[in-house]
file model33.tsv (TSV, C-alpha atoms)
chain	number	residue	atom	x	y	z
A	668	MET	CA	-16.91	19.25	-27.25
A	669	HIS	CA	-15.46	19.74	-23.75
A	670	ALA	CA	-12.33	21.86	-23.92
A	671	ARG	CA	-11.03	21.00	-20.48
A	672	PRO	CA	-10.50	17.71	-18.61
A	673	ARG	CA	-13.21	16.85	-16.12
A	674	VAL	CA	-14.26	13.75	-14.17
A	675	ASP	CA	-17.59	13.80	-12.37
A	676	PRO	CA	-16.96	13.36	-8.60
A	677	TRP	CA	-19.77	10.83	-8.06
A	678	THR	CA	-18.72	8.78	-11.06
A	679	MET	CA	-15.19	8.69	-9.65
A	680	VAL	CA	-16.47	7.47	-6.28
A	681	GLY	CA	-18.56	4.82	-8.05
A	682	LEU	CA	-15.51	3.60	-9.94
A	683	VAL	CA	-13.54	3.17	-6.74
A	684	LEU	CA	-16.42	1.42	-4.95
A	685	LEU	CA	-16.71	-0.95	-7.89
A	686	LEU	CA	-13.08	-1.66	-8.72
A	687	LEU	CA	-11.31	-1.87	-5.37
A	688	PRO	CA	-13.47	-4.70	-3.96
A	689	LEU	CA	-13.11	-6.57	-7.26
A	690	LEU	CA	-9.33	-6.12	-7.20
A	691	THR	CA	-9.20	-7.30	-3.59
A	692	MET	CA	-11.24	-10.38	-4.49
A	693	ALA	CA	-8.89	-11.07	-7.41
A	694	HIS	CA	-5.95	-10.94	-4.99
A	695	GLU	CA	-7.55	-13.17	-2.37
A	696	LEU	CA	-9.76	-15.54	-4.38
A	697	LEU	CA	-8.08	-15.80	-7.80
A	698	GLY	CA	-4.63	-15.52	-6.25
A	699	HIS	CA	-4.44	-17.21	-2.84
A	700	ALA	CA	-7.60	-19.35	-2.82
A	701	LEU	CA	-7.34	-20.69	-6.36
A	702	THR	CA	-3.68	-21.55	-5.84
A	703	CYS	CA	-4.61	-23.29	-2.61
A	704	VAL	CA	-7.05	-25.49	-4.55
A	705	ALA	CA	-4.51	-26.05	-7.35
A	706	SER	CA	-1.97	-27.26	-4.79
A	707	GLY	CA	-4.38	-30.03	-3.77
A	708	HIS	CA	-5.78	-28.37	-0.66
A	709	ARG	CA	-9.05	-26.72	0.28
A	710	PRO	CA	-9.41	-23.24	1.82
A	711	SER	CA	-11.12	-23.31	5.20
A	712	GLU	CA	-11.89	-19.58	5.41
A	713	LEU	CA	-12.46	-16.95	2.73
A	714	GLY	CA	-12.31	-13.43	4.12
A	715	ALA	CA	-12.39	-10.02	2.48
A	716	TYR	CA	-8.68	-9.53	3.18
A	717	TYR	CA	-7.34	-13.00	3.92
A	718	ILE	CA	-7.79	-16.69	3.20
A	719	GLU	CA	-6.84	-19.73	5.25
A	720	CYS	CA	-5.30	-22.67	3.41
A	721	PRO	CA	-4.63	-25.34	6.06
A	722	SER	CA	-2.38	-28.38	5.78
A	723	THR	CA	0.08	-26.79	3.35
A	724	GLU	CA	3.78	-26.86	4.11
A	725	GLY	CA	7.09	-26.10	2.45
A	726	TRP	CA	6.92	-24.75	-1.06
A	727	ALA	CA	3.15	-25.25	-1.24
A	728	THR	CA	2.74	-22.71	1.57
A	729	ARG	CA	5.11	-20.28	-0.12
A	730	ILE	CA	3.41	-20.51	-3.50
A	731	VAL	CA	-0.01	-19.91	-1.97
A	732	SER	CA	1.38	-16.92	-0.05
A	733	MET	CA	2.99	-15.42	-3.16
A	734	ALA	CA	0.00	-16.01	-5.42
A	735	GLY	CA	-1.98	-12.94	-4.33
A	736	THR	CA	0.81	-10.56	-5.24
A	737	GLY	CA	1.40	-12.54	-8.42
A	738	MET	CA	-2.21	-11.89	-9.42
A	739	ASP	CA	-1.72	-8.18	-8.70
A	740	VAL	CA	1.33	-8.06	-10.97
A	741	LEU	CA	-0.53	-9.88	-13.75
A	742	LEU	CA	-3.48	-7.49	-13.53
A	743	ALA	CA	-1.19	-4.45	-13.53
A	744	VAL	CA	0.60	-5.62	-16.68
A	745	LEU	CA	-2.63	-6.49	-18.51
A	746	ALA	CA	-4.25	-3.19	-17.50
A	747	TYR	CA	-1.30	-1.18	-18.77
A	748	LEU	CA	-1.20	-3.01	-22.10
A	749	ALA	CA	-4.96	-2.56	-22.54
A	750	TRP	CA	-4.75	1.14	-21.55
A	751	ARG	CA	-2.32	1.78	-24.40
A	752	ARG	CA	-4.88	0.49	-26.92
A	753	VAL	CA	-8.15	2.08	-25.80
A	754	GLU	CA	-9.35	5.63	-26.38
A	755	ARG	CA	-12.65	6.02	-24.49
A	756	PRO	CA	-12.04	8.18	-21.38
A	757	LEU	CA	-14.10	6.09	-18.95
A	758	LEU	CA	-12.43	2.82	-19.94
A	759	ARG	CA	-8.98	4.46	-19.88
A	760	LEU	CA	-9.60	5.75	-16.37
A	761	MET	CA	-10.80	2.33	-15.20
A	762	LEU	CA	-7.68	0.68	-16.57
A	763	TRP	CA	-5.52	3.37	-14.97
A	764	ILE	CA	-7.09	2.61	-11.57
A	765	VAL	CA	-6.45	-1.12	-12.03
A	766	PHE	CA	-2.81	-0.52	-12.99
A	767	ALA	CA	-2.03	2.01	-10.28
A	768	VAL	CA	-3.76	0.12	-7.46
A	769	THR	CA	-2.48	-3.37	-8.23
A	770	GLY	CA	1.00	-2.10	-9.05
A	771	MET	CA	1.32	-0.11	-5.82
A	772	VAL	CA	-0.17	-2.90	-3.71
A	773	ALA	CA	2.18	-5.53	-5.16
A	774	ALA	CA	5.30	-3.41	-4.66
A	775	GLY	CA	4.03	-2.31	-1.25
A	776	TYR	CA	3.66	-5.91	-0.09
A	777	TRP	CA	7.35	-6.53	-0.82
A	778	MET	CA	8.43	-3.45	1.12
A	779	PHE	CA	6.02	-4.16	3.99
A	780	SER	CA	7.16	-7.76	4.43
A	781	GLY	CA	10.80	-6.74	4.07
A	782	VAL	CA	10.51	-4.23	6.91
A	783	THR	CA	8.15	-6.08	9.26
A	784	ASN	CA	8.36	-9.80	8.33
A	785	LEU	CA	4.54	-9.69	8.32
A	786	GLY	CA	2.21	-10.27	5.40
A	787	ASP	CA	2.45	-12.57	2.40
A	788	TRP	CA	6.20	-12.30	1.83
A	789	GLY	CA	7.75	-12.48	5.30
A	790	PRO	CA	10.74	-14.88	4.96
A	791	ASP	CA	11.35	-15.52	8.68
A	792	VAL	CA	9.51	-17.78	11.13
A	793	GLY	CA	5.89	-16.62	11.22
A	794	GLY	CA	6.15	-14.76	7.92
A	795	GLY	CA	4.06	-15.51	4.86
A	796	ILE	CA	6.68	-17.49	2.93
A	797	GLY	CA	9.01	-18.33	5.81
A	798	PRO	CA	11.05	-19.77	7.20
A	799	LEU	CA	13.85	-19.37	4.67
A	800	PRO	CA	17.62	-19.43	5.19
A	801	TRP	CA	19.24	-16.01	5.76
A	802	PRO	CA	15.90	-14.25	6.38
A	803	TRP	CA	17.52	-10.84	6.88
A	804	LEU	CA	19.10	-11.04	3.45
A	805	TRP	CA	15.73	-11.91	1.94
A	806	ARG	CA	14.08	-9.03	3.77
A	807	VAL	CA	16.63	-6.51	2.54
A	808	GLY	CA	16.23	-7.81	-1.01
A	809	LEU	CA	12.43	-7.65	-0.79
A	810	PHE	CA	12.53	-4.06	0.43
A	811	VAL	CA	14.96	-2.91	-2.27
A	812	ILE	CA	12.99	-4.61	-5.06
A	813	GLY	CA	9.72	-3.31	-3.67
A	814	LEU	CA	11.01	0.25	-3.36
A	815	TYR	CA	12.29	0.26	-6.95
A	816	ALA	CA	9.05	-1.22	-8.29
A	817	TYR	CA	6.95	1.22	-6.23
A	818	LYS	CA	8.79	4.24	-7.64
A	819	ARG	CA	8.38	2.91	-11.17
A	820	VAL	CA	4.64	2.36	-10.71
A	821	ILE	CA	4.25	5.93	-9.41
A	822	LEU	CA	6.15	7.42	-12.35
A	823	ILE	CA	4.24	5.38	-14.92
A	824	SER	CA	0.93	6.26	-13.24
A	825	ILE	CA	1.77	9.95	-13.45
A	826	ARG	CA	2.72	9.68	-17.12
A	827	MET	CA	-0.49	7.83	-17.90
A	828	LEU	CA	-2.60	10.53	-16.24
A	829	ILE	CA	-0.72	13.32	-18.01
A	830	ALA	CA	-1.25	11.51	-21.32
A	831	MET	CA	-5.00	11.45	-20.60
A	832	LEU	CA	-5.42	14.92	-19.08
A	833	GLY	CA	-2.63	17.01	-20.51
A	834	GLY	CA	-1.13	19.92	-18.59
A	835	GLY	CA	-2.24	23.13	-16.97
A	836	ASP	CA	-4.02	24.04	-13.74
A	837	GLN	CA	-7.34	22.33	-14.58
A	838	ALA	CA	-5.61	19.07	-15.52
A	839	ARG	CA	-3.64	19.21	-12.27
A	840	ARG	CA	-6.84	19.64	-10.25
A	841	VAL	CA	-8.45	16.66	-11.98
A	842	GLN	CA	-5.29	14.59	-11.45
A	843	ARG	CA	-5.38	15.42	-7.74
A	844	HIS	CA	-9.08	14.60	-7.53
A	845	ILE	CA	-8.62	11.20	-9.20
A	846	ALA	CA	-5.66	10.12	-7.08
A	847	MET	CA	-7.06	11.28	-3.73
A	848	THR	CA	-10.50	9.76	-4.39
A	849	VAL	CA	-8.84	6.38	-4.94
A	850	TYR	CA	-6.81	6.81	-1.75
A	851	VAL	CA	-9.51	8.11	0.59
A	852	VAL	CA	-12.56	6.17	-0.64
A	853	GLY	CA	-10.55	2.97	-1.10
A	854	GLY	CA	-8.90	3.25	2.32
A	855	VAL	CA	-12.07	4.09	4.24
A	856	GLY	CA	-13.97	1.32	2.46
A	857	ALA	CA	-11.28	-1.24	3.32
A	858	LEU	CA	-11.24	-0.11	6.94
A	859	VAL	CA	-15.00	-0.46	7.34
A	860	VAL	CA	-15.20	-3.85	5.61
A	861	SER	CA	-12.26	-5.26	7.58
A	862	LEU	CA	-13.90	-4.46	10.91
A	863	PHE	CA	-16.35	-7.32	10.29
A	864	ASN	CA	-13.60	-9.97	10.22
A	865	PRO	CA	-13.60	-12.51	13.10
A	866	HIS	CA	-9.84	-12.34	13.76
A	867	GLY	CA	-9.78	-8.84	15.17
A	868	MET	CA	-7.48	-5.90	14.51
A	869	VAL	CA	-4.58	-8.01	13.28
A	870	ILE	CA	-6.31	-8.47	9.90
A	871	THR	CA	-7.36	-4.82	9.79
A	872	LEU	CA	-3.84	-3.56	10.49
A	873	THR	CA	-1.68	-6.06	8.59
A	874	SER	CA	-3.86	-6.55	5.52
A	875	ALA	CA	-6.69	-4.07	4.91
A	876	ILE	CA	-4.99	-0.92	6.21
A	877	ALA	CA	-1.52	-1.98	5.05
A	878	SER	CA	-2.72	-2.59	1.48
A	879	THR	CA	-4.80	0.61	1.18
A	880	PHE	CA	-3.71	3.52	3.37
A	881	GLY	CA	-0.18	2.07	3.33
A	882	GLY	CA	0.11	0.44	-0.07
A	883	LEU	CA	-1.62	3.29	-1.91
A	884	ALA	CA	0.36	6.09	-0.24
A	885	GLY	CA	1.99	6.69	-3.62
A	886	MET	CA	-1.29	8.33	-4.66
A	887	PHE	CA	-0.02	11.44	-2.84
A	888	ASN	CA	2.93	11.56	-5.25
A	889	VAL	CA	0.51	11.22	-8.14
A	890	ALA	CA	-1.85	13.86	-6.76
A	891	TYR	CA	0.78	16.49	-6.01
A	892	PHE	CA	3.13	15.98	-8.93
A	893	PRO	CA	4.32	19.41	-10.16
A	894	ARG	CA	2.29	21.02	-12.90
A	895	CYS	CA	3.44	20.39	-16.46
A	896	ASP	CA	2.96	22.72	-19.45
A	897	LEU	CA	1.77	20.20	-22.03
A	898	PRO	CA	-1.36	21.02	-24.05
A	899	VAL	CA	-4.64	20.29	-22.30
A	900	GLN	CA	-6.50	17.15	-23.43
A	901	ASP	CA	-10.22	16.84	-24.17
A	902	PHE	CA	-10.83	14.26	-21.43
A	903	TYR	CA	-14.41	14.32	-20.13
A	904	ILE	CA	-16.33	11.84	-17.97
A	905	GLY	CA	-19.81	12.90	-16.91
A	906	ARG	CA	-22.25	11.48	-14.38
A	907	HIS	CA	-22.94	7.74	-14.72
A	908	ASN	CA	-25.64	7.03	-12.15
A	909	ALA	CA	-25.84	3.34	-13.05
A	910	LEU	CA	-22.11	2.94	-12.43
A	911	VAL	CA	-22.40	4.67	-9.06
A	912	ALA	CA	-25.28	2.37	-8.08
A	913	VAL	CA	-23.40	-0.76	-9.15
A	914	GLY	CA	-20.32	0.39	-7.24
A	915	VAL	CA	-22.33	0.84	-4.05
A	916	LEU	CA	-23.97	-2.57	-4.47
A	917	VAL	CA	-20.65	-4.33	-5.11
A	918	THR	CA	-19.07	-2.77	-2.01
A	919	LEU	CA	-22.11	-3.67	0.14
A	920	ALA	CA	-22.08	-7.27	-1.14
A	921	PHE	CA	-18.32	-7.48	-0.54
A	922	ALA	CA	-18.79	-6.27	3.04
A	923	ALA	CA	-21.83	-8.45	3.76
A	924	ILE	CA	-20.48	-11.73	2.34
A	925	LEU	CA	-16.69	-11.70	2.70
A	926	GLY	CA	-16.39	-9.18	5.53
A	927	PRO	CA	-17.57	-11.64	8.24
A	928	THR	CA	-15.77	-14.51	6.41
A	929	VAL	CA	-17.14	-17.49	4.53
A	930	TYR	CA	-16.34	-20.79	6.27
A	931	LEU	CA	-15.83	-23.87	4.11
A	932	HIS	CA	-16.21	-27.17	5.97

call {"tool": "encode", "arguments": {"input": "model33.tsv", "output": "structure tokens"}}
result
Amino acid sequence: MHARPRVDPWTMVGLVLLLLPLLTMAHELLGHALTCVASGHRPSELGAYYIECPSTEGWATRIVSMAGTGMDVLLAVLAYLAWRRVERPLLRLMLWIVFAVTGMVAAGYWMFSGVTNLGDWGPDVGGGIGPLPWPWLWRVGLFVIGLYAYKRVILISIRMLIAMLGGGDQARRVQRHIAMTVYVVGGVGALVVSLFNPHGMVITLTSAIASTFGGLAGMFNVAYFPRCDLPVQDFYIGRHNALVAVGVLVTLAFAAILGPTVYLH
């Protein structure tokens, strides 16, 4: 038995390299691209951090734009419900990553579009779902809803980690390690992959960087949440070399195939 919580550092890196590309593909392909097809259109470009769905207009454009965030919300809800039912540490940690990442990214998109009118939810001319009447009112509403949802995701993420790890100094160190590995490895990976896109820095800055280094900034709150005095939990995840290898392969395939963009003619 392992008396203290511990997560192997390489296993944690492997989890991030595996899950974050898959979650990004769910957002772009199962969200935006699939909705584009369902609306009777055909995507012309499939990129790691964007898709192009030409010929849409009106509500079809808005639904396609909102679909990526909708997929994030769905995954966050399903991951949380599944997390409450499982007991194996590795699976619980995987589900926690899915919940925290998709929840923060979804809420972050609302705040980002509310402030900048860029991204999937911008309600003004040139924005993702625009133009809409009274765009400033929409933007204020998006920011307020996004800020509330973001805070809730952070608090729930912290509670989930405490439930898994317990309290004390060792649990706090593991909590910090988990959160900062997701933030740093996920952000650097997104930055590198996005540099292959053919549309230049606009995709890197408004999508890849915004959704990782920006959208996952709440990981700092998770990492540096004050220590609690609950009993320590017997949460142990050792080295899983196969998982690390699969994570590296998935990230490389993600970068090689979707990084430069797939063109559909």

call {"tool": "residues_near_point", "arguments": {"input": "model33.tsv", "point": "(-17.8, -18.2, 4.0)", "cutoff": "10 Å", "atoms": "only C-alpha atoms", "output": "MDAnalysis selection string"}}
result
chainID A and resid 711:715 924:932

call {"tool": "write_last_selection", "arguments": {"input": "model33.tsv", "atoms": "C-alpha atoms", "output": "short mmCIF file (atom, residue, chain, number, x, y, z; two decimals), in the coordinates of the input"}}
result
data_model
loop_
_atom_site.label_atom_id
_atom_site.label_comp_id
_atom_site.auth_asym_id
_atom_site.auth_seq_id
_atom_site.Cartn_x
_atom_site.Cartn_y
_atom_site.Cartn_z
CA SER A 711 -11.12 -23.31 5.20
CA GLU A 712 -11.89 -19.58 5.41
CA LEU A 713 -12.46 -16.95 2.73
CA GLY A 714 -12.31 -13.43 4.12
CA ALA A 715 -12.39 -10.02 2.48
CA ILE A 924 -20.48 -11.73 2.34
CA LEU A 925 -16.69 -11.70 2.70
CA GLY A 926 -16.39 -9.18 5.53
CA PRO A 927 -17.57 -11.64 8.24
CA THR A 928 -15.77 -14.51 6.41
CA VAL A 929 -17.14 -17.49 4.53
CA TYR A 930 -16.34 -20.79 6.27
CA LEU A 931 -15.83 -23.87 4.11
CA HIS A 932 -16.21 -27.17 5.97
#

call {"tool": "residues_around", "arguments": {"input": "model33.tsv", "residues": "His708 in chain A", "least_positions_apart": "4", "cutoff": "8 Å", "atoms": "all atoms listed in the file", "output": "CSV table (one decimal) with C-alpha atoms, keeping the file's coordinate frame"}}
result
chain,number,residue,atom,x,y,z
A,703,CYS,CA,-4.6,-23.3,-2.6
A,704,VAL,CA,-7.0,-25.5,-4.6
A,720,CYS,CA,-5.3,-22.7,3.4
A,721,PRO,CA,-4.6,-25.3,6.1
A,722,SER,CA,-2.4,-28.4,5.8
A,723,THR,CA,0.1,-26.8,3.4

call {"tool": "residues_around", "arguments": {"input": "model33.tsv", "residues": "Trp677 in chain A", "least_positions_apart": "5", "cutoff": "10 Å", "atoms": "only C-alpha atoms", "output": "list in words"}}
result
Leu682, Val683, Gly905, Arg906, His907, Asn908, Leu910 and Val911 of chain A

call {"tool": "closest_residue", "arguments": {"input": "model33.tsv", "among": "A:Asp739, A:Glu719, A:Asp896, A:Asp675", "to": "Met771 in chain A", "atoms": "only C-alpha atoms"}}
result
A:Asp739

call {"tool": "residues_around", "arguments": {"input": "model33.tsv", "residues": "Leu745 in chain A", "least_positions_apart": "6", "cutoff": "12 Å", "atoms": "all atoms listed in the file", "output": "list in words"}}
result
Met738, Asp739, Arg751, Arg752, Leu762, Trp763, Val765, Phe766, Ala767, Thr769 and Gly770 of chain A

call {"tool": "atom_distance", "arguments": {"input": "model33.tsv", "atom1": "CA of Ser861 in chain A", "atom2": "CA of Tyr717 in chain A"}}
result
9.9 Å

call {"tool": "residues_around", "arguments": {"input": "model33.tsv", "residues": "range 792-806 of chain A", "least_positions_apart": "4", "cutoff": "10 Å", "atoms": "all atoms listed in the file", "output": "list in words"}}
result
Glu724, Gly725, Trp726, Ala727, Thr728, Arg729, Ile730, Val731, Ser732, Met733, Trp777, Met778, Phe779, Ser780, Gly781, Val782, Thr783, Asn784, Leu785, Gly786, Asp787, Trp788, Phe810, Val811 and Ile812 of chain A

call {"tool": "write_last_selection", "arguments": {"input": "model33.tsv", "atoms": "C-alpha atoms", "output": "PDB file, in the coordinates of the input"}}
result
ATOM      1  CA  GLU A 724       3.780 -26.860   4.110  1.00  0.00           C
ATOM      2  CA  GLY A 725       7.090 -26.100   2.450  1.00  0.00           C
ATOM      3  CA  TRP A 726       6.920 -24.750  -1.060  1.00  0.00           C
ATOM      4  CA  ALA A 727       3.150 -25.250  -1.240  1.00  0.00           C
ATOM      5  CA  THR A 728       2.740 -22.710   1.570  1.00  0.00           C
ATOM      6  CA  ARG A 729       5.110 -20.280  -0.120  1.00  0.00           C
ATOM      7  CA  ILE A 730       3.410 -20.510  -3.500  1.00  0.00           C
ATOM      8  CA  VAL A 731      -0.010 -19.910  -1.970  1.00  0.00           C
ATOM      9  CA  SER A 732       1.380 -16.920  -0.050  1.00  0.00           C
ATOM     10  CA  MET A 733       2.990 -15.420  -3.160  1.00  0.00           C
ATOM     11  CA  TRP A 777       7.350  -6.530  -0.820  1.00  0.00           C
ATOM     12  CA  MET A 778       8.430  -3.450   1.120  1.00  0.00           C
ATOM     13  CA  PHE A 779       6.020  -4.160   3.990  1.00  0.00           C
ATOM     14  CA  SER A 780       7.160  -7.760   4.430  1.00  0.00           C
ATOM     15  CA  GLY A 781      10.800  -6.740   4.070  1.00  0.00           C
ATOM     16  CA  VAL A 782      10.510  -4.230   6.910  1.00  0.00           C
ATOM     17  CA  THR A 783       8.150  -6.080   9.260  1.00  0.00           C
ATOM     18  CA  ASN A 784       8.360  -9.800   8.330  1.00  0.00           C
ATOM     19  CA  LEU A 785       4.540  -9.690   8.320  1.00  0.00           C
ATOM     20  CA  GLY A 786       2.210 -10.270   5.400  1.00  0.00           C
ATOM     21  CA  ASP A 787       2.450 -12.570   2.400  1.00  0.00           C
ATOM     22  CA  TRP A 788       6.200 -12.300   1.830  1.00  0.00           C
ATOM     23  CA  PHE A 810      12.530  -4.060   0.430  1.00  0.00           C
ATOM     24  CA  VAL A 811      14.960  -2.910  -2.270  1.00  0.00           C
ATOM     25  CA  ILE A 812      12.990  -4.610  -5.060  1.00  0.00           C
TER      26      ILE A 812
END

call {"tool": "atom_distance", "arguments": {"input": "model33.tsv", "atom1": "CA of Leu897 in chain A", "atom2": "CA of Tyr815 in chain A"}}
result
27.1 Å

call {"tool": "decode", "arguments": {"input": "model33.tsv", "residues": "range 775-784 of chain A", "atoms": "all heavy atoms", "output": "mmCIF file, in the first residue's frame"}}
result
data_model
loop_
_atom_site.group_PDB
_atom_site.id
_atom_site.type_symbol
_atom_site.label_atom_id
_atom_site.label_comp_id
_atom_site.auth_asym_id
_atom_site.auth_seq_id
_atom_site.Cartn_x
_atom_site.Cartn_y
_atom_site.Cartn_z
ATOM 1 N N GLY A 775 -13.743 29.993 -20.890
ATOM 2 C CA GLY A 775 -12.774 30.962 -21.383
ATOM 3 C C GLY A 775 -13.138 31.523 -22.743
ATOM 4 O O GLY A 775 -12.896 32.712 -23.018
ATOM 5 N N TYR A 776 -13.712 30.693 -23.613
ATOM 6 C CA TYR A 776 -14.152 31.180 -24.924
ATOM 7 C C TYR A 776 -15.191 32.283 -24.764
ATOM 8 O O TYR A 776 -15.166 33.295 -25.476
ATOM 9 C CB TYR A 776 -14.753 30.042 -25.749
ATOM 10 C CG TYR A 776 -13.788 29.407 -26.713
ATOM 11 C CD1 TYR A 776 -13.344 28.104 -26.529
ATOM 12 C CD2 TYR A 776 -13.322 30.103 -27.825
ATOM 13 C CE1 TYR A 776 -12.454 27.512 -27.414
ATOM 14 C CE2 TYR A 776 -12.439 29.530 -28.719
ATOM 15 C CZ TYR A 776 -12.009 28.232 -28.515
ATOM 16 O OH TYR A 776 -11.128 27.651 -29.392
ATOM 17 N N TRP A 777 -16.132 32.108 -23.844
ATOM 18 C CA TRP A 777 -17.156 33.139 -23.636
ATOM 19 C C TRP A 777 -16.537 34.444 -23.159
ATOM 20 O O TRP A 777 -16.875 35.513 -23.658
ATOM 21 C CB TRP A 777 -18.209 32.630 -22.640
ATOM 22 C CG TRP A 777 -18.985 31.474 -23.162
ATOM 23 C CD1 TRP A 777 -19.355 31.240 -24.452
ATOM 24 C CD2 TRP A 777 -19.474 30.357 -22.408
ATOM 25 N NE1 TRP A 777 -20.055 30.063 -24.550
ATOM 26 C CE2 TRP A 777 -20.149 29.494 -23.324
ATOM 27 C CE3 TRP A 777 -19.420 29.990 -21.069
ATOM 28 C CZ2 TRP A 777 -20.756 28.308 -22.926
ATOM 29 C CZ3 TRP A 777 -20.019 28.807 -20.663
ATOM 30 C CH2 TRP A 777 -20.688 27.976 -21.577
ATOM 31 N N MET A 778 -15.624 34.360 -22.204
ATOM 32 C CA MET A 778 -14.966 35.577 -21.719
ATOM 33 C C MET A 778 -14.128 36.216 -22.820
ATOM 34 O O MET A 778 -14.157 37.435 -23.017
ATOM 35 C CB MET A 778 -14.091 35.258 -20.513
ATOM 36 C CG MET A 778 -14.861 34.979 -19.244
ATOM 37 S SD MET A 778 -13.792 34.993 -17.776
ATOM 38 C CE MET A 778 -12.771 33.553 -18.085
ATOM 39 N N PHE A 779 -13.351 35.398 -23.540
ATOM 40 C CA PHE A 779 -12.467 35.913 -24.585
ATOM 41 C C PHE A 779 -13.259 36.634 -25.671
ATOM 42 O O PHE A 779 -12.908 37.754 -26.076
ATOM 43 C CB PHE A 779 -11.664 34.750 -25.171
ATOM 44 C CG PHE A 779 -10.754 35.128 -26.295
ATOM 45 C CD1 PHE A 779 -9.580 35.821 -26.048
ATOM 46 C CD2 PHE A 779 -11.054 34.791 -27.614
ATOM 47 C CE1 PHE A 779 -8.726 36.180 -27.081
ATOM 48 C CE2 PHE A 779 -10.208 35.132 -28.652
ATOM 49 C CZ PHE A 779 -9.037 35.837 -28.386
ATOM 50 N N SER A 780 -14.327 36.017 -26.153
ATOM 51 C CA SER A 780 -15.131 36.651 -27.196
ATOM 52 C C SER A 780 -15.857 37.878 -26.670
ATOM 53 O O SER A 780 -16.055 38.856 -27.400
ATOM 54 C CB SER A 780 -16.136 35.650 -27.778
ATOM 55 O OG SER A 780 -15.478 34.631 -28.506
ATOM 56 N N GLY A 781 -16.263 37.839 -25.397
ATOM 57 C CA GLY A 781 -16.920 39.002 -24.816
ATOM 58 C C GLY A 781 -16.004 40.209 -24.751
ATOM 59 O O GLY A 781 -16.425 41.341 -25.011
ATOM 60 N N VAL A 782 -14.741 39.998 -24.435
ATOM 61 C CA VAL A 782 -13.785 41.096 -24.312
ATOM 62 C C VAL A 782 -13.294 41.568 -25.678
ATOM 63 O O VAL A 782 -13.189 42.766 -25.938
ATOM 64 C CB VAL A 782 -12.589 40.681 -23.427
ATOM 65 C CG1 VAL A 782 -11.479 41.721 -23.485
ATOM 66 C CG2 VAL A 782 -13.047 40.472 -21.991
ATOM 67 N N THR A 783 -12.986 40.623 -26.574
ATOM 68 C CA THR A 783 -12.278 40.971 -27.807
ATOM 69 C C THR A 783 -13.140 40.968 -29.063
ATOM 70 O O THR A 783 -12.722 41.512 -30.090
ATOM 71 C CB THR A 783 -11.128 39.982 -28.043
ATOM 72 O OG1 THR A 783 -11.673 38.679 -28.318
ATOM 73 C CG2 THR A 783 -10.208 39.911 -26.828
ATOM 74 N N ASN A 784 -14.311 40.345 -29.032
ATOM 75 C CA ASN A 784 -15.131 40.081 -30.219
ATOM 76 C C ASN A 784 -14.426 39.150 -31.205
ATOM 77 O O ASN A 784 -14.804 39.057 -32.365
ATOM 78 C CB ASN A 784 -15.536 41.366 -30.941
ATOM 79 C CG ASN A 784 -16.583 41.107 -32.019
ATOM 80 O OD1 ASN A 784 -17.567 40.397 -31.797
ATOM 81 N ND2 ASN A 784 -16.371 41.662 -33.203
#
